[in-house]
$ cat protein19.cif   # mmCIF, C-alpha atoms
data_query
#
loop_
_atom_site.label_atom_id
_atom_site.label_comp_id
_atom_site.auth_asym_id
_atom_site.auth_seq_id
_atom_site.Cartn_x
_atom_site.Cartn_y
_atom_site.Cartn_z
CA MET A 17 -26.99 -75.14 -11.12
CA ILE A 18 -26.64 -72.44 -13.74
CA ASP A 19 -30.31 -72.91 -14.66
CA SER A 20 -31.53 -72.71 -11.08
CA ASP A 21 -33.82 -69.92 -9.88
CA VAL A 22 -31.12 -68.70 -7.50
CA PHE A 23 -28.65 -68.29 -10.35
CA LEU A 24 -31.22 -66.49 -12.52
CA ALA A 25 -32.00 -64.13 -9.65
CA PHE A 26 -28.27 -63.54 -9.09
CA SER A 27 -27.85 -62.88 -12.80
CA THR A 28 -30.66 -60.29 -12.83
CA TYR A 29 -29.62 -58.38 -9.70
CA THR A 30 -25.96 -58.44 -10.70
CA THR A 31 -26.73 -57.09 -14.16
CA ILE A 32 -28.78 -54.25 -12.67
CA VAL A 33 -26.18 -53.21 -10.09
CA VAL A 34 -23.22 -53.54 -12.48
CA LEU A 35 -24.97 -51.45 -15.17
CA LYS A 36 -25.67 -48.86 -12.46
CA MET A 37 -21.93 -48.86 -11.62
CA LEU A 38 -21.04 -48.55 -15.30
CA LEU A 39 -23.27 -45.45 -15.61
CA MET A 40 -21.02 -43.63 -13.10
CA GLY A 41 -18.49 -43.30 -15.96
CA PRO A 42 -20.73 -41.23 -18.28
CA MET A 43 -21.93 -39.32 -15.20
CA THR A 44 -18.33 -38.34 -14.43
CA GLY A 45 -17.98 -37.22 -18.04
CA TYR A 46 -21.13 -35.12 -17.74
CA TYR A 47 -19.87 -33.41 -14.56
CA ARG A 48 -16.44 -32.83 -16.14
CA MET A 49 -18.04 -31.08 -19.10
CA THR A 50 -20.56 -28.97 -17.20
CA ARG A 51 -18.01 -28.02 -14.50
CA LYS A 52 -15.21 -27.65 -17.05
CA ALA A 53 -12.73 -29.64 -14.97
CA PHE A 54 -10.51 -32.01 -16.93
CA SER A 55 -7.49 -34.15 -16.13
CA ASN A 56 -5.99 -34.55 -19.62
CA PRO A 57 -4.68 -31.63 -21.72
CA GLU A 58 -5.97 -33.27 -24.95
CA ASP A 59 -9.56 -33.32 -23.60
CA MET A 60 -9.90 -29.57 -23.94
CA ALA A 61 -9.54 -29.22 -27.71
CA ILE A 62 -13.22 -28.39 -28.02
CA HIS A 63 -13.74 -26.61 -24.72
CA GLY A 64 -10.75 -24.33 -24.47
CA ARG A 65 -9.54 -22.87 -27.77
CA ASN A 66 -6.61 -20.89 -26.46
CA GLU A 67 -3.72 -21.83 -24.18
CA GLU A 68 -5.00 -19.83 -21.25
CA ASP A 69 -8.34 -21.66 -21.20
CA LYS A 70 -6.50 -24.98 -21.33
CA LYS A 71 -4.58 -24.23 -18.17
CA LYS A 72 -7.71 -22.95 -16.44
CA PHE A 73 -9.74 -26.12 -17.14
CA LEU A 74 -6.97 -28.58 -16.11
CA ARG A 75 -8.18 -28.67 -12.52
CA THR A 76 -10.12 -30.67 -9.96
CA ASP A 77 -13.69 -29.77 -9.05
CA PRO A 78 -15.51 -30.79 -5.81
CA ASP A 79 -18.56 -32.17 -7.67
CA VAL A 80 -16.44 -34.19 -10.10
CA GLU A 81 -14.37 -35.59 -7.22
CA ARG A 82 -17.59 -36.54 -5.40
CA VAL A 83 -18.85 -38.58 -8.37
CA ARG A 84 -15.44 -40.22 -8.68
CA ARG A 85 -15.38 -41.19 -4.99
CA CYS A 86 -18.86 -42.65 -5.38
CA HIS A 87 -17.71 -44.63 -8.43
CA GLN A 88 -14.65 -45.87 -6.54
CA ASN A 89 -16.82 -46.96 -3.60
CA ASP A 90 -18.98 -48.89 -6.08
CA LEU A 91 -15.92 -50.67 -7.45
CA GLU A 92 -14.73 -51.51 -3.93
CA ASN A 93 -18.10 -52.95 -2.87
CA ILE A 94 -19.99 -54.16 -5.94
CA VAL A 95 -17.10 -56.22 -7.34
CA PRO A 96 -16.72 -58.27 -4.10
CA PHE A 97 -20.53 -58.73 -4.03
CA VAL A 98 -20.47 -60.12 -7.58
CA VAL A 99 -17.64 -62.57 -6.80
CA ILE A 100 -18.97 -63.77 -3.43
CA GLY A 101 -22.56 -63.73 -4.75
CA LEU A 102 -21.65 -65.91 -7.75
CA LEU A 103 -19.98 -68.55 -5.58
CA TYR A 104 -22.86 -68.30 -3.09
CA ALA A 105 -25.47 -68.73 -5.85
CA LEU A 106 -23.62 -71.87 -7.02
CA SER A 107 -23.47 -73.29 -3.48
CA GLY A 108 -27.19 -74.11 -3.41
CA PRO A 109 -28.78 -71.70 -0.91
CA ALA A 110 -32.54 -71.42 -0.36
CA LEU A 111 -34.13 -69.10 -2.93
CA SER A 112 -35.76 -66.87 -0.30
CA THR A 113 -32.49 -66.38 1.63
CA ALA A 114 -30.59 -65.67 -1.57
CA LEU A 115 -33.20 -63.17 -2.77
CA LEU A 116 -33.04 -61.39 0.59
CA HIS A 117 -29.26 -60.99 0.27
CA PHE A 118 -29.41 -59.80 -3.34
CA ARG A 119 -32.27 -57.35 -2.76
CA VAL A 120 -30.77 -55.85 0.38
CA PHE A 121 -27.43 -55.37 -1.35
CA VAL A 122 -28.77 -53.85 -4.57
CA GLY A 123 -31.17 -51.59 -2.65
CA SER A 124 -28.39 -50.42 -0.34
CA ARG A 125 -26.14 -49.52 -3.28
CA PHE A 126 -28.81 -47.42 -4.99
CA LEU A 127 -29.44 -45.64 -1.69
CA HIS A 128 -25.68 -45.17 -1.27
CA THR A 129 -25.38 -43.48 -4.65
CA VAL A 130 -28.31 -41.14 -3.95
CA ALA A 131 -26.94 -40.35 -0.48
CA TYR A 132 -23.49 -39.65 -1.92
CA LEU A 133 -24.49 -37.48 -4.86
CA LEU A 134 -27.21 -35.24 -3.39
CA PRO A 135 -25.65 -35.42 -0.68
CA LEU A 136 -27.98 -36.58 2.09
CA PRO A 137 -26.80 -35.86 5.65
CA GLN A 138 -24.86 -38.61 7.38
CA PRO A 139 -25.41 -41.36 8.53
CA CYS A 140 -27.51 -42.11 5.37
CA ARG A 141 -24.47 -42.88 3.25
CA GLY A 142 -22.61 -44.66 6.06
CA VAL A 143 -25.56 -46.90 6.91
CA SER A 144 -26.27 -47.87 3.30
CA TRP A 145 -22.57 -48.72 2.85
CA ILE A 146 -22.52 -50.91 5.98
CA VAL A 147 -25.78 -52.70 5.06
CA GLY A 148 -24.25 -53.63 1.69
CA LEU A 149 -21.06 -54.83 3.41
CA LEU A 150 -23.05 -56.99 5.85
CA SER A 151 -24.95 -58.64 2.99
CA THR A 152 -21.70 -59.60 1.26
CA PHE A 153 -20.06 -60.76 4.51
CA SER A 154 -23.12 -62.86 5.34
CA MET A 155 -22.84 -64.71 2.00
CA GLY A 156 -19.08 -65.08 2.50
CA TYR A 157 -19.62 -66.54 5.97
CA ARG A 158 -22.03 -69.13 4.60
CA LEU A 159 -19.56 -70.05 1.84
CA LEU A 160 -16.67 -70.52 4.25
CA SER A 161 -18.76 -72.43 6.79
CA THR A 162 -20.19 -74.89 4.24
CA SER A 163 -17.52 -75.48 1.59
CA LEU A 164 -14.11 -75.10 3.21
CA VAL A 165 -11.48 -77.06 1.27
CA ILE A 166 -7.88 -76.10 1.96
CA MET B 11 -17.00 -79.00 -13.28
CA ILE B 12 -18.57 -76.72 -10.69
CA ASP B 13 -18.59 -79.61 -8.22
CA SER B 14 -14.95 -80.51 -8.84
CA ASP B 15 -12.33 -80.25 -6.11
CA VAL B 16 -10.51 -77.59 -8.09
CA PHE B 17 -13.61 -75.41 -8.21
CA LEU B 18 -14.28 -75.87 -4.50
CA ALA B 19 -10.67 -74.91 -3.72
CA PHE B 20 -10.96 -71.87 -6.01
CA SER B 21 -14.19 -70.93 -4.27
CA THR B 22 -12.60 -71.12 -0.82
CA TYR B 23 -9.41 -69.20 -1.61
CA THR B 24 -11.31 -66.58 -3.59
CA THR B 25 -13.78 -66.02 -0.77
CA ILE B 26 -10.92 -65.56 1.72
CA VAL B 27 -8.94 -63.12 -0.41
CA VAL B 28 -12.01 -61.12 -1.51
CA LEU B 29 -13.26 -60.76 2.07
CA LYS B 30 -9.75 -59.60 3.01
CA MET B 31 -10.00 -56.98 0.24
CA LEU B 32 -13.45 -55.94 1.44
CA LEU B 33 -12.08 -55.36 4.97
CA MET B 34 -9.82 -52.62 3.58
CA GLY B 35 -12.95 -50.44 3.39
CA PRO B 36 -13.75 -50.46 7.13
CA MET B 37 -10.00 -50.14 7.79
CA THR B 38 -9.94 -46.92 5.75
CA GLY B 39 -12.92 -45.72 7.78
CA TYR B 40 -11.08 -46.51 11.02
CA TYR B 41 -7.98 -44.58 9.92
CA ARG B 42 -10.14 -41.66 8.74
CA MET B 43 -11.79 -41.43 12.14
CA THR B 44 -8.68 -41.85 14.31
CA ARG B 45 -6.61 -39.50 12.10
CA LYS B 46 -9.54 -37.10 11.63
CA ALA B 47 -9.01 -36.83 7.87
CA PHE B 48 -12.18 -36.82 5.78
CA SER B 49 -12.98 -36.19 2.13
CA ASN B 50 -16.66 -35.22 2.41
CA PRO B 51 -17.93 -32.16 4.32
CA GLU B 52 -21.05 -34.06 5.49
CA ASP B 53 -18.89 -36.73 7.20
CA MET B 54 -17.83 -34.33 9.94
CA ALA B 55 -21.21 -33.64 11.53
CA ILE B 56 -20.20 -35.69 14.56
CA HIS B 57 -16.50 -34.95 14.62
CA GLY B 58 -16.30 -31.25 14.07
CA ARG B 59 -19.10 -29.21 15.62
CA ASN B 60 -18.05 -25.79 14.40
CA GLU B 61 -17.14 -24.52 10.95
CA GLU B 62 -13.44 -24.16 11.76
CA ASP B 63 -13.12 -27.84 12.73
CA LYS B 64 -14.84 -28.84 9.51
CA LYS B 65 -12.26 -27.08 7.39
CA LYS B 66 -9.42 -28.53 9.46
CA PHE B 67 -10.59 -32.14 9.08
CA LEU B 68 -11.22 -31.92 5.31
CA ARG B 69 -7.71 -33.04 4.49
CA THR B 70 -5.53 -35.94 3.38
CA ASP B 71 -3.46 -37.91 5.86
CA PRO B 72 -0.39 -40.04 5.00
CA ASP B 73 -1.72 -43.09 6.91
CA VAL B 74 -5.16 -42.89 5.29
CA GLU B 75 -3.57 -42.53 1.84
CA ARG B 76 -1.39 -45.58 2.55
CA VAL B 77 -4.43 -47.76 3.34
CA ARG B 78 -6.17 -46.46 0.23
CA ARG B 79 -3.18 -47.26 -1.99
CA CYS B 80 -3.10 -50.76 -0.49
CA HIS B 81 -6.84 -51.17 -1.19
CA GLN B 82 -6.37 -49.93 -4.77
CA ASN B 83 -3.51 -52.39 -5.31
CA ASP B 84 -5.81 -55.16 -4.06
CA LEU B 85 -8.47 -54.16 -6.59
CA GLU B 86 -5.89 -54.06 -9.38
CA ASN B 87 -4.51 -57.52 -8.57
CA ILE B 88 -7.20 -59.56 -6.80
CA VAL B 89 -9.93 -58.88 -9.37
CA PRO B 90 -7.80 -60.20 -12.29
CA PHE B 91 -6.86 -63.23 -10.15
CA VAL B 92 -10.56 -63.99 -9.55
CA VAL B 93 -11.44 -63.72 -13.25
CA ILE B 94 -8.45 -65.67 -14.60
CA GLY B 95 -8.65 -68.14 -11.68
CA LEU B 96 -12.33 -68.86 -12.36
CA LEU B 97 -11.72 -69.63 -16.03
CA TYR B 98 -8.62 -71.63 -15.08
CA ALA B 99 -10.56 -73.66 -12.48
CA LEU B 100 -13.16 -74.47 -15.16
CA SER B 101 -10.49 -75.52 -17.68
CA GLY B 102 -9.71 -78.77 -15.82
CA PRO B 103 -6.22 -78.34 -14.34
CA ALA B 104 -4.60 -80.86 -11.96
CA LEU B 105 -5.71 -80.25 -8.36
CA SER B 106 -2.15 -79.97 -7.04
CA THR B 107 -1.13 -77.40 -9.66
CA ALA B 108 -4.28 -75.39 -9.08
CA LEU B 109 -3.82 -75.43 -5.30
CA LEU B 110 -0.24 -74.24 -5.72
CA HIS B 111 -1.40 -71.25 -7.78
CA PHE B 112 -4.23 -70.34 -5.39
CA ARG B 113 -2.10 -70.71 -2.23
CA VAL B 114 0.84 -68.75 -3.60
CA PHE B 115 -1.46 -65.94 -4.72
CA VAL B 116 -3.48 -65.68 -1.51
CA GLY B 117 -0.35 -65.91 0.65
CA SER B 118 1.38 -63.22 -1.41
CA ARG B 119 -1.58 -60.84 -1.03
CA PHE B 120 -1.70 -61.20 2.76
CA LEU B 121 2.07 -60.57 2.86
CA HIS B 122 1.59 -57.58 0.56
CA THR B 123 -0.97 -56.00 2.89
CA VAL B 124 1.24 -56.51 5.96
CA ALA B 125 4.27 -55.14 4.08
CA TYR B 126 2.28 -52.11 2.90
CA LEU B 127 0.62 -51.18 6.19
CA LEU B 128 3.43 -51.64 8.73
CA PRO B 129 5.40 -50.78 6.43
CA LEU B 130 8.13 -53.40 6.02
CA PRO B 131 11.29 -52.23 4.21
CA GLN B 132 11.39 -52.84 0.48
CA PRO B 133 11.64 -55.21 -1.43
CA CYS B 134 9.11 -57.06 0.82
CA ARG B 135 6.11 -55.34 -0.73
CA GLY B 136 7.55 -55.39 -4.25
CA VAL B 137 8.36 -59.10 -4.13
CA SER B 138 4.96 -60.11 -2.72
CA TRP B 139 3.28 -58.04 -5.47
CA ILE B 140 5.35 -59.69 -8.22
CA VAL B 141 4.79 -63.20 -6.85
CA GLY B 142 1.02 -62.61 -6.99
CA LEU B 143 1.30 -61.25 -10.55
CA LEU B 144 3.32 -64.30 -11.66
CA SER B 145 0.70 -66.67 -10.25
CA THR B 146 -2.08 -64.93 -12.22
CA PHE B 147 0.03 -64.74 -15.40
CA SER B 148 0.90 -68.44 -15.10
CA MET B 149 -2.82 -69.35 -15.02
CA GLY B 150 -3.51 -66.95 -17.89
CA TYR B 151 -0.73 -68.53 -19.96
CA ARG B 152 -2.19 -72.00 -19.43
CA LEU B 153 -5.64 -70.75 -20.43
CA LEU B 154 -4.41 -69.14 -23.64
CA SER B 155 -2.19 -72.08 -24.59
CA THR B 156 -4.93 -74.70 -24.12
CA SER B 157 -8.23 -73.10 -25.08
CA LEU B 158 -7.57 -70.48 -27.72
CA VAL B 159 -10.68 -69.86 -29.82
CA ILE B 160 -10.70 -66.65 -31.83
CA MET C 10 -22.98 -74.43 -21.24
CA ILE C 11 -19.46 -74.09 -19.90
CA ASP C 12 -18.21 -76.25 -22.77
CA SER C 13 -20.04 -74.26 -25.43
CA ASP C 14 -18.21 -72.34 -28.14
CA VAL C 15 -19.60 -69.06 -26.79
CA PHE C 16 -18.14 -69.75 -23.35
CA LEU C 17 -14.76 -70.72 -24.82
CA ALA C 18 -14.73 -67.52 -26.87
CA PHE C 19 -15.67 -65.50 -23.78
CA SER C 20 -12.91 -67.23 -21.84
CA THR C 21 -10.29 -66.40 -24.48
CA TYR C 22 -11.23 -62.73 -24.98
CA THR C 23 -11.60 -62.16 -21.24
CA THR C 24 -8.21 -63.68 -20.52
CA ILE C 25 -6.59 -61.44 -23.14
CA VAL C 26 -8.21 -58.21 -21.97
CA VAL C 27 -7.70 -58.95 -18.25
CA LEU C 28 -4.01 -59.77 -18.77
CA LYS C 29 -3.70 -56.49 -20.69
CA MET C 30 -5.25 -54.70 -17.69
CA LEU C 31 -2.90 -56.50 -15.32
CA LEU C 32 0.11 -55.29 -17.36
CA MET C 33 -0.81 -51.69 -16.49
CA GLY C 34 0.60 -52.40 -12.99
CA PRO C 35 4.17 -53.17 -14.12
CA MET C 36 3.88 -50.31 -16.61
CA THR C 37 3.10 -47.90 -13.75
CA GLY C 38 6.15 -49.29 -11.94
CA TYR C 39 8.31 -48.70 -15.01
CA TYR C 40 7.14 -45.08 -15.33
CA ARG C 41 7.65 -44.52 -11.59
CA MET C 42 11.24 -45.71 -11.84
CA THR C 43 12.19 -43.88 -15.02
CA ARG C 44 10.45 -40.63 -13.93
CA LYS C 45 11.61 -41.05 -10.32
CA ALA C 46 8.17 -40.29 -8.89
CA PHE C 47 7.15 -42.44 -5.92
CA SER C 48 4.29 -42.40 -3.45
CA ASN C 49 5.86 -44.38 -0.57
CA PRO C 50 8.96 -43.23 1.35
CA GLU C 51 10.21 -46.83 1.67
CA ASP C 52 10.29 -47.24 -2.14
CA MET C 53 13.27 -44.96 -2.49
CA ALA C 54 15.84 -46.97 -0.54
CA ILE C 55 17.63 -47.83 -3.79
CA HIS C 56 16.91 -44.69 -5.76
CA GLY C 57 17.62 -41.92 -3.31
CA ARG C 58 20.47 -42.59 -0.89
CA ASN C 59 20.24 -39.38 1.09
CA GLU C 60 17.32 -37.66 2.78
CA GLU C 61 17.18 -34.81 0.27
CA ASP C 62 16.73 -37.18 -2.66
CA LYS C 63 13.97 -38.96 -0.80
CA LYS C 64 11.94 -35.80 -0.44
CA LYS C 65 12.56 -34.89 -4.08
CA PHE C 66 11.28 -38.21 -5.44
CA LEU C 67 8.13 -38.33 -3.28
CA ARG C 68 6.06 -36.55 -5.90
CA THR C 69 3.50 -36.98 -8.65
CA ASP C 70 4.51 -36.99 -12.30
CA PRO C 71 2.20 -36.25 -15.27
CA ASP C 72 3.24 -39.41 -17.16
CA VAL C 73 2.77 -41.65 -14.10
CA GLU C 74 -0.64 -40.11 -13.42
CA ARG C 75 -1.63 -40.71 -17.05
CA VAL C 76 -0.83 -44.43 -16.81
CA ARG C 77 -2.72 -44.61 -13.52
CA ARG C 78 -5.81 -42.94 -15.01
CA CYS C 79 -5.67 -45.39 -17.92
CA HIS C 80 -5.42 -48.30 -15.46
CA GLN C 81 -8.36 -46.95 -13.44
CA ASN C 82 -10.45 -46.59 -16.61
CA ASP C 83 -9.64 -50.24 -17.41
CA LEU C 84 -10.88 -51.31 -13.97
CA GLU C 85 -14.06 -49.26 -14.37
CA ASN C 86 -14.87 -50.73 -17.79
CA ILE C 87 -13.24 -54.17 -18.12
CA VAL C 88 -14.59 -55.52 -14.81
CA PRO C 89 -18.24 -54.77 -15.77
CA PHE C 90 -17.59 -56.33 -19.21
CA VAL C 91 -16.32 -59.52 -17.56
CA VAL C 92 -19.32 -59.79 -15.22
CA ILE C 93 -22.00 -58.95 -17.82
CA GLY C 94 -20.13 -60.96 -20.48
CA LEU C 95 -20.01 -64.07 -18.27
CA LEU C 96 -23.75 -63.99 -17.58
CA TYR C 97 -24.39 -63.21 -21.25
CA ALA C 98 -22.22 -66.14 -22.40
CA LEU C 99 -24.20 -68.44 -20.07
CA SER C 100 -27.55 -67.15 -21.40
CA GLY C 101 -27.18 -68.95 -24.74
CA PRO C 102 -26.63 -66.22 -27.36
CA ALA C 103 -25.77 -66.95 -31.01
CA LEU C 104 -22.02 -67.48 -31.45
CA SER C 105 -21.69 -64.81 -34.14
CA THR C 106 -23.47 -62.15 -32.06
CA ALA C 107 -21.42 -63.02 -28.99
CA LEU C 108 -18.16 -62.93 -30.96
CA LEU C 109 -19.09 -59.51 -32.34
CA HIS C 110 -19.63 -58.14 -28.82
CA PHE C 111 -16.41 -59.65 -27.43
CA ARG C 112 -14.26 -58.55 -30.39
CA VAL C 113 -15.61 -55.00 -30.47
CA PHE C 114 -15.06 -54.62 -26.73
CA VAL C 115 -11.53 -56.05 -26.64
CA GLY C 116 -10.51 -54.08 -29.73
CA SER C 117 -11.91 -50.86 -28.28
CA ARG C 118 -9.98 -51.32 -25.02
CA PHE C 119 -6.65 -51.85 -26.80
CA LEU C 120 -7.35 -48.73 -28.88
CA HIS C 121 -8.29 -46.86 -25.69
CA THR C 122 -4.97 -47.71 -24.05
CA VAL C 123 -2.97 -46.64 -27.11
CA ALA C 124 -5.01 -43.42 -27.40
CA TYR C 125 -4.50 -42.67 -23.69
CA LEU C 126 -0.79 -43.36 -23.45
CA LEU C 127 0.59 -41.79 -26.64
CA PRO C 128 -1.72 -39.68 -26.39
CA LEU C 129 -3.70 -39.53 -29.63
CA PRO C 130 -5.80 -36.39 -30.15
CA GLN C 131 -9.41 -36.55 -29.00
CA PRO C 132 -11.97 -37.93 -29.84
CA CYS C 133 -9.90 -41.15 -30.34
CA ARG C 134 -9.92 -42.01 -26.65
CA GLY C 135 -13.49 -40.86 -26.11
CA VAL C 136 -14.85 -42.87 -29.03
CA SER C 137 -13.01 -46.07 -28.06
CA TRP C 138 -14.32 -45.69 -24.49
CA ILE C 139 -17.93 -45.23 -25.70
CA VAL C 140 -17.73 -48.15 -28.14
CA GLY C 141 -16.65 -50.42 -25.27
CA LEU C 142 -19.47 -49.10 -23.08
CA LEU C 143 -22.04 -49.74 -25.81
CA SER C 144 -20.88 -53.33 -26.23
CA THR C 145 -21.32 -54.00 -22.49
CA PHE C 146 -24.69 -52.21 -22.36
CA SER C 147 -25.89 -54.18 -25.38
CA MET C 148 -25.13 -57.48 -23.60
CA GLY C 149 -26.73 -56.17 -20.40
CA TYR C 150 -29.88 -55.18 -22.31
CA ARG C 151 -30.19 -58.67 -23.77
CA LEU C 152 -29.72 -60.21 -20.32
CA LEU C 153 -32.41 -58.05 -18.73
CA SER C 154 -34.86 -58.48 -21.60
CA THR C 155 -34.57 -62.30 -21.70
CA SER C 156 -34.00 -63.47 -18.13
CA LEU C 157 -35.67 -61.04 -15.77
CA VAL C 158 -36.54 -62.74 -12.48
CA ILE C 159 -37.29 -60.44 -9.58
#
$ encode --input "protein19.cif" --output "structure tokens"
Amino acid sequence: MIDSDVFLAFSTYTTIVVLKMLLMGPMTGYYRMTRKAFSNPEDMAIHGRNEEDKKKFLRTDPDVERVRRCHQNDLENIVPFVVIGLLYALSGPALSTALLHFRVFVGSRFLHTVAYLLPLPQPCRGVSWIVGLLSTFSMGYRLLSTSLVI
Amino acid sequence: MIDSDVFLAFSTYTTIVVLKMLLMGPMTGYYRMTRKAFSNPEDMAIHGRNEEDKKKFLRTDPDVERVRRCHQNDLENIVPFVVIGLLYALSGPALSTALLHFRVFVGSRFLHTVAYLLPLPQPCRGVSWIVGLLSTFSMGYRLLSTSLVI
Amino acid sequence: MIDSDVFLAFSTYTTIVVLKMLLMGPMTGYYRMTRKAFSNPEDMAIHGRNEEDKKKFLRTDPDVERVRRCHQNDLENIVPFVVIGLLYALSGPALSTALLHFRVFVGSRFLHTVAYLLPLPQPCRGVSWIVGLLSTFSMGYRLLSTSLVI
């Protein structure tokens, strides 16, 4: 099953969307440095030489918080997709149905990130979030309806 | 091994508990809308027509923060369960032992959510959290004691 | 493939690093109790008998927040490692290359935790974070360059 086309497709889409999630970390770092908004006193050794600067830069910034909320939303949605998607890919679905689920999910998450960071006006972000949720729930429904063992 | 009863049971319990975790997202949305407490200015286009409303609704609310803490605790505990549980299910445990671990964990997480959201008086939430932790640690111990390759 | 040496090595290193991540939960609890800084009113039944104490202990504490940021960073980095690492281990890499990736990542995360909690002066924490990222990206690059199916 691990050599099946469905599993290879799952592997590819998962790698892409997880690497995208991982890039939110460096992006937070970039925003922290350009906005000079840090959460640890030791992070300011380079940026603020004197004590006054250090206090000034130990703050929250709206742009940094926006990236962090986007990252958190990724964690909350991409991780369940990976888990449910893995079990779904191993449960022997049709390739075309599986590809539809994976593509819709990955597309919706890229849209979500763009909508969150620009930001685009609502309901862009809300709709892309819900489309991703529906894709994961649809795979979960199939799993529970075909392989229930309790 | 992927067709074994243990793996099918893991698949079922994991799907249930991960979908439960995923539902915390819409629940946060529901609390945000009923409590009118948002974290993004663009989310208030429908709710607050004028500028004054927008400032008023850009706030934190104790109920919203409670749901978010519950969601975060799910991420911190359910994700390790899925990872350790997957490797455990593939390591060939007895079905009855595996079922015990999965059932105790999933039951403890549903109890945890109820105890967090109502809220029930402590130590209900604390005990359900620790019981879930012990289930994951017990599977992790078995994995490390049987298949250590470094 | 699940019985291969690479998969067994992945299983061992993943179990170790995920159990380490899971221990951040009890560590947060320990800091909350010793610093008397709680986020739920019901958590103070034992610690603060009277109403005044309850208000006093419902606060944030710099040490507690530090452990929580470290835990969050673990979630943001260890979960992608597990996902990418699993697919990588199933893609048939050389054992020595795989071991190098797993060891570098796990070592970097233990260093990261020590650097965050003591804290060590920067760039200790920054470097250990980036080394872990590079290990995950390196596995992701191999996955995408060898098994791309879209």
$ closest_residue --input "protein19.cif" --among "C:Phe90, C:Phe111, C:Phe66, C:Phe119" --to "chain A" --atoms "only C-alpha atoms"
C:Phe90
$ resolve_selection --input "protein19.cif" --expression "the PyMOL selection byres ((chain B) within 9 of (chain C))" --output "MDAnalysis selection string"
chainID B and resid 11 76 83 85:87 89:90 93:94 97 100 129:133 136 140 143 146:147 150:151 153:154 157:160
$ atom_distance --input "protein19.cif" --atom1 "atom CA of C:Ser13" --atom2 "atom CA of B:Thr156"
15.2 Å
$ atom_distance --input "protein19.cif" --atom1 "atom CA of C:Ala46" --atom2 "atom CA of B:Thr44"
28.7 Å
$ atom_distance --input "protein19.cif" --atom1 "atom CA of A:Val80" --atom2 "atom CA of A:Tyr47"
5.7 Å
$ residues_around --input "protein19.cif" --residues "C:Tyr125" --least-positions-apart "6" --cutoff "9 Å" --atoms "only C-alpha atoms" --output "ChimeraX atom specification"
/C:75-76,78-79,133-134
$ decode --input "protein19.cif" --residues "stretch 125-138 of chain C" --atoms "N, CA and C atoms" --output "mmCIF file, in the first residue's frame"
data_model
loop_
_atom_site.group_PDB
_atom_site.id
_atom_site.type_symbol
_atom_site.label_atom_id
_atom_site.label_comp_id
_atom_site.auth_asym_id
_atom_site.auth_seq_id
_atom_site.Cartn_x
_atom_site.Cartn_y
_atom_site.Cartn_z
ATOM 1 N N TYR C 125 16.887 27.418 25.704
ATOM 2 C CA TYR C 125 15.703 28.244 25.961
ATOM 3 C C TYR C 125 15.434 28.365 27.463
ATOM 4 N N LEU C 126 15.613 27.266 28.189
ATOM 5 C CA LEU C 126 15.157 27.282 29.581
ATOM 6 C C LEU C 126 16.162 27.860 30.559
ATOM 7 N N LEU C 127 17.462 27.778 30.239
ATOM 8 C CA LEU C 127 18.450 28.245 31.242
ATOM 9 C C LEU C 127 18.325 29.745 31.504
ATOM 10 N N PRO C 128 18.295 30.672 30.546
ATOM 11 C CA PRO C 128 18.626 30.569 29.128
ATOM 12 C C PRO C 128 20.111 30.762 28.885
ATOM 13 N N LEU C 129 20.619 30.130 27.804
ATOM 14 C CA LEU C 129 21.964 30.409 27.320
ATOM 15 C C LEU C 129 21.924 31.681 26.487
ATOM 16 N N PRO C 130 23.031 32.420 26.394
ATOM 17 C CA PRO C 130 23.039 33.615 25.547
ATOM 18 C C PRO C 130 22.851 33.230 24.078
ATOM 19 N N GLN C 131 22.188 34.142 23.332
ATOM 20 C CA GLN C 131 22.088 33.931 21.891
ATOM 21 C C GLN C 131 23.488 34.012 21.280
ATOM 22 N N PRO C 132 23.807 33.370 20.141
ATOM 23 C CA PRO C 132 22.871 32.674 19.255
ATOM 24 C C PRO C 132 22.718 31.185 19.525
ATOM 25 N N CYS C 133 22.929 30.691 20.762
ATOM 26 C CA CYS C 133 22.794 29.245 21.029
ATOM 27 C C CYS C 133 21.434 28.730 20.588
ATOM 28 N N ARG C 134 20.379 29.417 21.063
ATOM 29 C CA ARG C 134 19.031 28.933 20.763
ATOM 30 C C ARG C 134 18.736 29.079 19.278
ATOM 31 N N GLY C 135 19.120 30.232 18.716
ATOM 32 C CA GLY C 135 18.858 30.459 17.296
ATOM 33 C C GLY C 135 19.525 29.424 16.419
ATOM 34 N N VAL C 136 20.813 29.119 16.734
ATOM 35 C CA VAL C 136 21.545 28.167 15.894
ATOM 36 C C VAL C 136 20.937 26.777 16.012
ATOM 37 N N SER C 137 20.587 26.352 17.239
ATOM 38 C CA SER C 137 20.032 25.000 17.377
ATOM 39 C C SER C 137 18.683 24.906 16.664
ATOM 40 N N TRP C 138 17.913 25.993 16.669
ATOM 41 C CA TRP C 138 16.633 25.997 15.950
ATOM 42 C C TRP C 138 16.868 25.849 14.435
#
